[in-house]
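**Student:** Structure file coords.tsv (TSV, C-alpha atoms and all ligand atoms) right here:
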chain	number	residue	atom	x	y	z
A	1	MET	CA	0.00	0.00	0.00
A	2	ARG	CA	1.40	3.45	-0.93
A	3	GLY	CA	-1.28	5.42	0.98
A	4	GLU	CA	-4.24	7.49	-0.09
A	5	HIS	CA	-2.42	9.40	-2.81
A	6	GLY	CA	-2.17	6.27	-5.01
A	7	PRO	CA	0.97	4.81	-6.58
A	8	ASN	CA	2.38	8.19	-7.66
A	9	GLY	CA	1.42	10.11	-4.53
A	10	GLU	CA	4.91	10.51	-3.09
A	11	ALA	CA	6.41	11.52	-6.42
A	12	ASP	CA	3.62	14.06	-6.99
A	13	GLU	CA	4.17	15.55	-3.55
A	14	ALA	CA	7.92	15.78	-4.16
A	15	ASP	CA	7.25	17.52	-7.52
A	16	ALA	CA	4.89	20.01	-5.88
A	17	ARG	CA	7.46	20.73	-3.15
A	18	SER	CA	10.15	21.28	-5.74
A	19	GLU	CA	7.90	23.63	-7.80
A	20	ASN	CA	7.07	25.65	-4.67
A	21	GLU	CA	10.75	25.89	-3.84
A	22	ALA	CA	11.49	27.00	-7.42
A	23	THR	CA	8.83	29.74	-7.28
A	24	GLU	CA	10.23	31.02	-3.99
A	25	LEU	CA	13.86	30.98	-5.15
A	26	ARG	CA	12.92	32.69	-8.42
A	27	ALA	CA	11.08	35.47	-6.59
A	28	ARG	CA	14.10	35.97	-4.32
A	29	LEU	CA	16.51	36.13	-7.26
A	30	ILE	CA	14.44	38.68	-9.20
A	31	ASP	CA	13.89	40.76	-6.04
A	32	SER	CA	17.65	40.86	-5.53
A	33	ILE	CA	18.20	42.05	-9.13
A	34	ALA	CA	15.47	44.70	-8.71
A	35	ARG	CA	17.11	46.06	-5.53
A	36	ARG	CA	20.47	46.49	-7.27
A	37	GLU	CA	21.27	49.82	-8.88
A	38	HIS	CA	21.04	49.59	-12.68
A	39	PRO	CA	24.68	49.64	-13.82
A	40	TRP	CA	24.27	51.81	-16.92
A	41	GLY	CA	23.99	55.49	-16.06
A	42	ARG	CA	20.47	56.84	-16.02
A	43	ALA	CA	18.75	53.60	-17.05
A	44	SER	CA	16.45	51.91	-14.53
A	45	TRP	CA	14.98	48.43	-14.34
A	46	GLU	CA	11.89	48.03	-16.50
A	47	PRO	CA	9.16	46.44	-14.29
A	48	ARG	CA	7.66	44.51	-17.26
A	49	VAL	CA	11.01	42.79	-17.80
A	50	LEU	CA	11.39	41.77	-14.17
A	51	ASP	CA	7.75	40.57	-14.06
A	52	ALA	CA	8.35	38.38	-17.11
A	53	MET	CA	11.40	36.90	-15.40
A	54	ARG	CA	9.30	36.20	-12.32
A	55	ARG	CA	7.00	34.10	-14.50
A	56	VAL	CA	9.48	32.09	-16.58
A	57	PRO	CA	10.68	28.90	-14.81
A	58	ARG	CA	14.46	29.02	-15.44
A	59	HIS	CA	14.90	25.60	-13.78
A	60	LYS	CA	13.01	24.00	-16.69
A	61	PHE	CA	15.77	25.22	-19.04
A	62	VAL	CA	18.68	23.72	-17.07
A	63	GLU	CA	17.47	20.21	-16.26
A	64	ARG	CA	20.95	19.12	-15.18
A	65	ALA	CA	21.14	21.81	-12.47
A	66	SER	CA	19.52	21.58	-9.06
A	67	VAL	CA	16.63	23.98	-8.50
A	68	ALA	CA	18.89	25.98	-6.17
A	69	ALA	CA	21.62	26.23	-8.85
A	70	ALA	CA	19.05	27.33	-11.47
A	71	TYR	CA	18.23	30.36	-9.32
A	72	THR	CA	21.73	31.61	-8.54
A	73	ASP	CA	22.71	34.70	-10.50
A	74	GLU	CA	25.24	32.83	-12.62
A	75	PRO	CA	25.55	31.46	-16.16
A	76	TYR	CA	25.22	27.64	-16.26
A	77	PRO	CA	26.53	25.03	-18.74
A	78	ILE	CA	23.86	23.66	-21.11
A	79	GLY	CA	26.15	21.21	-22.95
A	80	LEU	CA	28.27	21.34	-26.12
A	81	GLY	CA	30.39	24.14	-24.64
A	82	GLN	CA	27.46	26.59	-24.41
A	83	THR	CA	25.82	28.34	-21.45
A	84	ILE	CA	22.50	29.80	-20.37
A	85	SER	CA	23.17	33.49	-19.62
A	86	GLN	CA	23.34	34.98	-16.13
A	87	PRO	CA	19.87	36.25	-15.07
A	88	THR	CA	21.15	39.80	-14.46
A	89	VAL	CA	22.56	39.87	-17.99
A	90	VAL	CA	19.23	38.61	-19.41
A	91	ALA	CA	17.49	41.44	-17.52
A	92	LEU	CA	19.99	44.07	-18.73
A	93	MET	CA	19.84	43.00	-22.38
A	94	THR	CA	16.05	42.75	-22.38
A	95	ASN	CA	15.82	46.16	-20.71
A	96	ALA	CA	18.11	47.60	-23.40
A	97	LEU	CA	15.66	46.50	-26.13
A	98	MET	CA	13.04	48.98	-24.79
A	99	LEU	CA	10.09	46.73	-25.68
A	100	THR	CA	6.48	47.89	-25.63
A	101	GLY	CA	4.75	44.59	-26.47
A	102	SER	CA	3.96	45.06	-30.15
A	103	GLU	CA	7.36	44.14	-31.59
A	104	ARG	CA	8.54	41.42	-33.94
A	105	VAL	CA	11.97	40.45	-32.65
A	106	LEU	CA	14.88	38.35	-33.94
A	107	GLU	CA	17.16	36.60	-31.42
A	108	LEU	CA	20.43	34.99	-32.56
A	109	GLY	CA	21.64	32.23	-30.21
A	110	THR	CA	18.62	30.38	-28.77
A	111	GLY	CA	20.79	28.22	-26.47
A	112	SER	CA	18.53	26.70	-23.81
A	113	GLY	CA	15.53	28.77	-24.95
A	114	TYR	CA	15.29	30.63	-21.61
A	115	HIS	CA	15.87	34.14	-22.95
A	116	ALA	CA	13.47	33.32	-25.80
A	117	ALA	CA	10.80	32.40	-23.24
A	118	VAL	CA	11.35	35.70	-21.39
A	119	LEU	CA	11.14	37.66	-24.65
A	120	ALA	CA	8.01	35.74	-25.68
A	121	GLU	CA	6.28	37.27	-22.64
A	122	LEU	CA	7.16	40.77	-23.81
A	123	VAL	CA	6.79	40.85	-27.61
A	124	ARG	CA	4.29	40.00	-30.34
A	125	GLU	CA	6.41	37.44	-32.23
A	126	LEU	CA	9.91	36.15	-31.56
A	127	TYR	CA	12.07	34.58	-34.26
A	128	THR	CA	15.12	32.78	-32.87
A	129	ILE	CA	18.03	31.00	-34.57
A	130	GLU	CA	20.35	28.40	-33.01
A	131	LEU	CA	23.42	27.07	-34.79
A	132	VAL	CA	23.79	23.84	-32.79
A	133	GLU	CA	21.02	21.43	-33.74
A	134	PRO	CA	20.73	19.39	-30.49
A	135	LEU	CA	20.49	22.64	-28.48
A	136	GLY	CA	17.87	24.06	-30.83
A	137	LEU	CA	15.77	20.89	-30.72
A	138	ALA	CA	15.93	20.75	-26.92
A	139	ALA	CA	14.94	24.44	-26.69
A	140	MET	CA	12.01	23.84	-29.05
A	141	ALA	CA	10.78	20.95	-26.87
A	142	ARG	CA	11.03	23.05	-23.69
A	143	LEU	CA	9.14	25.98	-25.21
A	144	ALA	CA	6.40	23.62	-26.49
A	145	ALA	CA	6.12	21.98	-23.04
A	146	LEU	CA	5.52	25.45	-21.55
A	147	ASN	CA	2.88	26.23	-24.24
A	148	VAL	CA	4.85	29.15	-25.65
A	149	THR	CA	3.20	29.78	-29.02
A	150	ASN	CA	4.74	33.02	-30.33
A	151	VAL	CA	8.31	31.74	-30.78
A	152	HIS	CA	9.49	30.54	-34.20
A	153	LEU	CA	12.76	28.62	-34.04
A	154	ARG	CA	15.14	27.84	-36.85
A	155	ILE	CA	18.32	25.76	-36.74
A	156	GLY	CA	21.04	27.51	-38.75
A	157	ASP	CA	23.67	30.22	-38.90
A	158	GLY	CA	22.47	33.50	-37.46
A	159	TYR	CA	25.11	35.48	-39.39
A	160	ALA	CA	22.63	35.62	-42.29
A	161	GLY	CA	19.71	36.69	-40.07
A	162	TRP	CA	16.22	35.56	-41.18
A	163	PRO	CA	15.59	37.49	-44.44
A	164	GLU	CA	12.23	35.78	-45.18
A	165	GLU	CA	10.74	37.21	-41.97
A	166	ALA	CA	12.51	40.61	-42.02
A	167	PRO	CA	12.22	43.44	-41.20
A	168	PHE	CA	12.34	43.20	-37.40
A	169	ASP	CA	11.66	45.91	-34.83
A	170	ARG	CA	14.44	44.58	-32.61
A	171	ILE	CA	17.40	42.23	-33.03
A	172	LEU	CA	19.26	40.64	-30.10
A	173	LEU	CA	22.51	38.68	-30.28
A	174	THR	CA	23.35	36.39	-27.35
A	175	ALA	CA	26.70	35.24	-28.77
A	176	ALA	CA	29.50	37.71	-29.58
A	177	PRO	CA	30.70	38.27	-33.16
A	178	PRO	CA	34.09	40.01	-33.58
A	179	GLU	CA	32.17	42.75	-35.44
A	180	LEU	CA	28.52	43.29	-36.28
A	181	PRO	CA	27.38	40.99	-39.14
A	182	SER	CA	26.53	43.21	-42.13
A	183	ALA	CA	23.30	41.36	-43.08
A	184	LEU	CA	21.58	42.29	-39.83
A	185	ALA	CA	21.30	46.07	-40.29
A	186	GLU	CA	19.33	45.51	-43.50
A	187	GLN	CA	16.82	43.38	-41.57
A	188	LEU	CA	16.02	46.11	-39.04
A	189	VAL	CA	13.16	48.63	-39.46
A	190	GLU	CA	13.91	52.37	-39.57
A	191	GLY	CA	14.36	53.48	-35.93
A	192	GLY	CA	14.75	49.81	-34.85
A	193	LEU	CA	17.18	48.71	-32.13
A	194	LEU	CA	19.84	46.02	-32.26
A	195	VAL	CA	21.56	44.93	-29.04
A	196	ALA	CA	24.72	42.83	-29.31
A	197	PRO	CA	27.89	41.86	-27.44
A	198	VAL	CA	30.65	42.73	-29.91
A	199	GLY	CA	34.36	41.95	-29.84
A	200	ALA	CA	36.81	39.07	-29.64
A	201	ASP	CA	39.01	39.24	-26.51
A	202	GLN	CA	37.29	42.25	-25.01
A	203	GLN	CA	33.56	42.50	-25.59
A	204	LEU	CA	31.23	45.45	-25.21
A	205	LEU	CA	27.47	45.32	-25.18
A	206	VAL	CA	26.36	47.83	-27.80
A	207	ARG	CA	22.90	49.17	-28.66
A	208	TYR	CA	22.56	50.28	-32.28
A	209	THR	CA	19.71	52.45	-33.60
A	210	LYS	CA	18.99	52.42	-37.33
A	211	HIS	CA	18.80	55.84	-39.02
A	212	GLY	CA	18.52	55.48	-42.81
A	213	GLN	CA	21.49	53.46	-43.99
A	214	ALA	CA	23.50	54.18	-40.81
A	215	LEU	CA	23.57	52.65	-37.34
A	216	ALA	CA	24.19	54.90	-34.34
A	217	ALA	CA	26.08	52.96	-31.65
A	218	GLU	CA	25.72	53.39	-27.89
A	219	ARG	CA	28.17	51.53	-25.67
A	220	LEU	CA	26.37	49.98	-22.70
A	221	GLY	CA	29.09	48.11	-20.80
A	222	ALA	CA	31.65	45.30	-20.72
A	223	VAL	CA	30.31	41.75	-21.01
A	224	ARG	CA	31.58	38.19	-21.55
A	225	PHE	CA	29.73	35.93	-24.01
A	226	VAL	CA	30.55	32.78	-25.97
A	227	PRO	CA	31.73	33.68	-29.49
A	228	MET	CA	29.32	33.74	-32.42
A	229	VAL	CA	30.74	31.18	-34.83
A	230	SER	CA	29.76	30.02	-38.32
A	231	ARG	CA	30.11	26.28	-37.80
A	232	PRO	CA	28.75	24.14	-34.96
A	233	PRO	CA	31.34	22.31	-32.79
A	234	CYS	CA	32.05	18.78	-34.10
B	1	LIG	C1	25.24	32.35	-24.43
B	1	LIG	S1	24.44	31.15	-25.41
B	1	LIG	C2	22.81	31.79	-25.49
B	1	LIG	C3	22.01	31.69	-24.25
B	1	LIG	C4	20.54	31.66	-24.58
B	1	LIG	N1	20.06	32.92	-25.05
B	1	LIG	C5	19.76	31.11	-23.42
B	1	LIG	O1	18.81	31.76	-22.95
B	1	LIG	O2	20.08	29.98	-23.00
B	1	LIG	C6	24.94	31.51	-27.09
B	1	LIG	C7	24.30	30.61	-28.11
B	1	LIG	O3	24.62	31.12	-29.40
B	1	LIG	C8	24.76	30.03	-30.27
B	1	LIG	N2	25.46	30.47	-31.48
B	1	LIG	C9	26.80	30.70	-31.68
B	1	LIG	N3	27.03	31.09	-32.95
B	1	LIG	C10	25.82	31.14	-33.57
B	1	LIG	C11	25.39	31.49	-34.89
B	1	LIG	N4	26.25	31.84	-35.86
B	1	LIG	N5	24.06	31.44	-35.17
B	1	LIG	C12	23.16	31.06	-34.22
B	1	LIG	N6	23.51	30.71	-32.97
B	1	LIG	C13	24.82	30.76	-32.64
B	1	LIG	C14	25.50	29.01	-29.44
B	1	LIG	O4	25.38	27.71	-29.97
B	1	LIG	C15	24.81	29.17	-28.09
B	1	LIG	O5	23.74	28.28	-27.95
What is this file in structure tokens?

**Tutor:**
Amino acid sequence: MRGEHGPNGEADEADARSENEATELRARLIDSIARREHPWGRASWEPRVLDAMRRVPRHKFVERASVAAAYTDEPYPIGLGQTISQPTVVALMTNALMLTGSERVLELGTGSGYHAAVLAELVRELYTIELVEPLGLAAMARLAALNVTNVHLRIGDGYAGWPEEAPFDRILLTAAPPELPSALAEQLVEGGLLVAPVGADQQLLVRYTKHGQALAAERLGAVRFVPMVSRPPC
């Protein structure tokens, strides 16, 4: 006899305990980010961004991590030499996109799919490209399991962007190219924003605004991302 909860009762209770713990740890993590001074001059935390991060279960994107590890403010390995970004960095980059909710957005570097899930809460449609097929397929499965319906995922090289779906209101890179790929500016609307870590040894997070054929660059701060490459690791 396993008791009144039936054969799966204990497992269900353990799952519920772990979900409650995850919700509590997530709230604590986002509260701690919100209390911190925004590092970039006069910018302040956008409440919509932090609310979206309160809703998205980061632990579902790092199955190999404990729930406690999923809610530390650190990057975490997701396999094949790649990482899920640090929550503070996800908040800063999403903030920098200045989203209002109506945008069509392109993300390059889906990784675990976590940042895509946060963006999906904040935009109309998200298009995301991942170079490494097993990572892209796993991200797709996670987003489907969470019933995220406004994310369109493609496996391929983000250097070319997604011309069939262009133009985009915003473009976000979550891997660092040595310099900005030329195809991307053409896929941005007039007045659109592109946020990217750029550089090889030393990287800077830069926000570009499109004015006619030119991009005005605003340096946001030093960052450390995996490189944007053209071929997946063997
Ligand atoms: C820091 S991880 C992204 C983290 C991700 N946004 C998340 O929430 O987990 C960078 C990702 O960019 C991918 N990547 C690198 N070069 C790429 C390229 N040319 N096109 C598309 N994705 C690329 C890597 O495979 C990796 O998954």

**Student:** Report as a list in words all protein, DNA and RNA residues lying within 8 Å of Thr209 (chain A), evaluated on all atoms listed in the file, omitting residues in the same chain fewer than 6 positions from it.

**Tutor:** Gly191, Gly192, Leu193, Leu194, Leu215, Ala216 and Ala217 of chain A

**Student:** Excluding region 26-33 of chain A and any residue of its chain fewer than 6 positions from it, enumerate the residues within 7 Å of it, using all atoms listed in the file, and give them as a ChimeraX atom specification.

**Tutor:** /A:50,54,71,88

**Student:** Which chain A residues have any atom within 6 Å of an atom of ligand LIG 1 (chain B), and for each, what is the nearest pair of atoms with distance in Å to one decimal, counting all atoms listed in the file, rows sorted by chain and number, as a tab-separated table?

**Tutor:**
residue	atom	partner	partner_atom	distance
A:Gln82	CA	B:LIG1	C15	5.2
A:Thr83	CA	B:LIG1	C1	5.0
A:Ile84	CA	B:LIG1	O2	3.6
A:Ser85	CA	B:LIG1	C3	5.1
A:Leu108	CA	B:LIG1	C12	5.1
A:Gly109	CA	B:LIG1	O3	3.3
A:Thr110	CA	B:LIG1	N1	4.7
A:Gly111	CA	B:LIG1	O5	3.3
A:Ser112	CA	B:LIG1	O2	3.7
A:Gly113	CA	B:LIG1	O1	4.9
A:Tyr114	CA	B:LIG1	O1	3.9
A:His115	CA	B:LIG1	O1	3.8
A:Ile129	CA	B:LIG1	C12	5.1
A:Glu130	CA	B:LIG1	N6	3.9
A:Leu131	CA	B:LIG1	C12	4.0
A:Val132	CA	B:LIG1	O4	5.0
A:Asp157	CA	B:LIG1	N5	3.9
A:Gly158	CA	B:LIG1	N5	3.5
A:Tyr159	CA	B:LIG1	N4	5.2
A:Thr174	CA	B:LIG1	C2	5.0
A:Ala175	CA	B:LIG1	C6	4.5
A:Phe225	CA	B:LIG1	C1	5.8
A:Val226	CA	B:LIG1	C1	5.5
A:Met228	CA	B:LIG1	N3	3.5
A:Val229	CA	B:LIG1	N3	4.2
A:Ser230	CA	B:LIG1	N4	4.7

**Student:** Please measure the separation of CA of Glu74 (chain A) and CA of Ala176 (chain A), giving the value in Å to one decimal.

**Tutor:**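 Separating CA of Glu74 (chain A) from CA of Ala176 (chain A) is a distance of 18.2 Å.
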
**Student:** Kindly give the distance, in Å, that separates CA of Glu37 (chain A) and CA of Glu107 (chain A), rounded to a single decimal.

**Tutor:**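 These atoms are spaced 26.5 Å apart.
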
**Student:** When you count only C-alpha atoms, which of these residues is closest to Thr72 (chain A): A:Leu146, A:Val118, A:Leu25, A:Ala34?

**Tutor:** A:Leu25

**Student:** Would you list the contacts of Val206 (chain A) as a list in words, taking every protein, DNA or RNA residue within 6 Å and counting only C-alpha atoms, but skipping same-chain residues closer than 6 positions in sequence?

**Tutor:**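 Within the cut-off, the hits are Val195, Ala196, Glu218, Arg219 and Leu220 of chain A.
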
**Student:** CA of Ala43 (chain A) and CA of Val89 (chain A), how far apart in Å?

**Tutor:**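 Interatomic distance, CA of Val89 (chain A) to CA of Ala43 (chain A): 14.3 Å.
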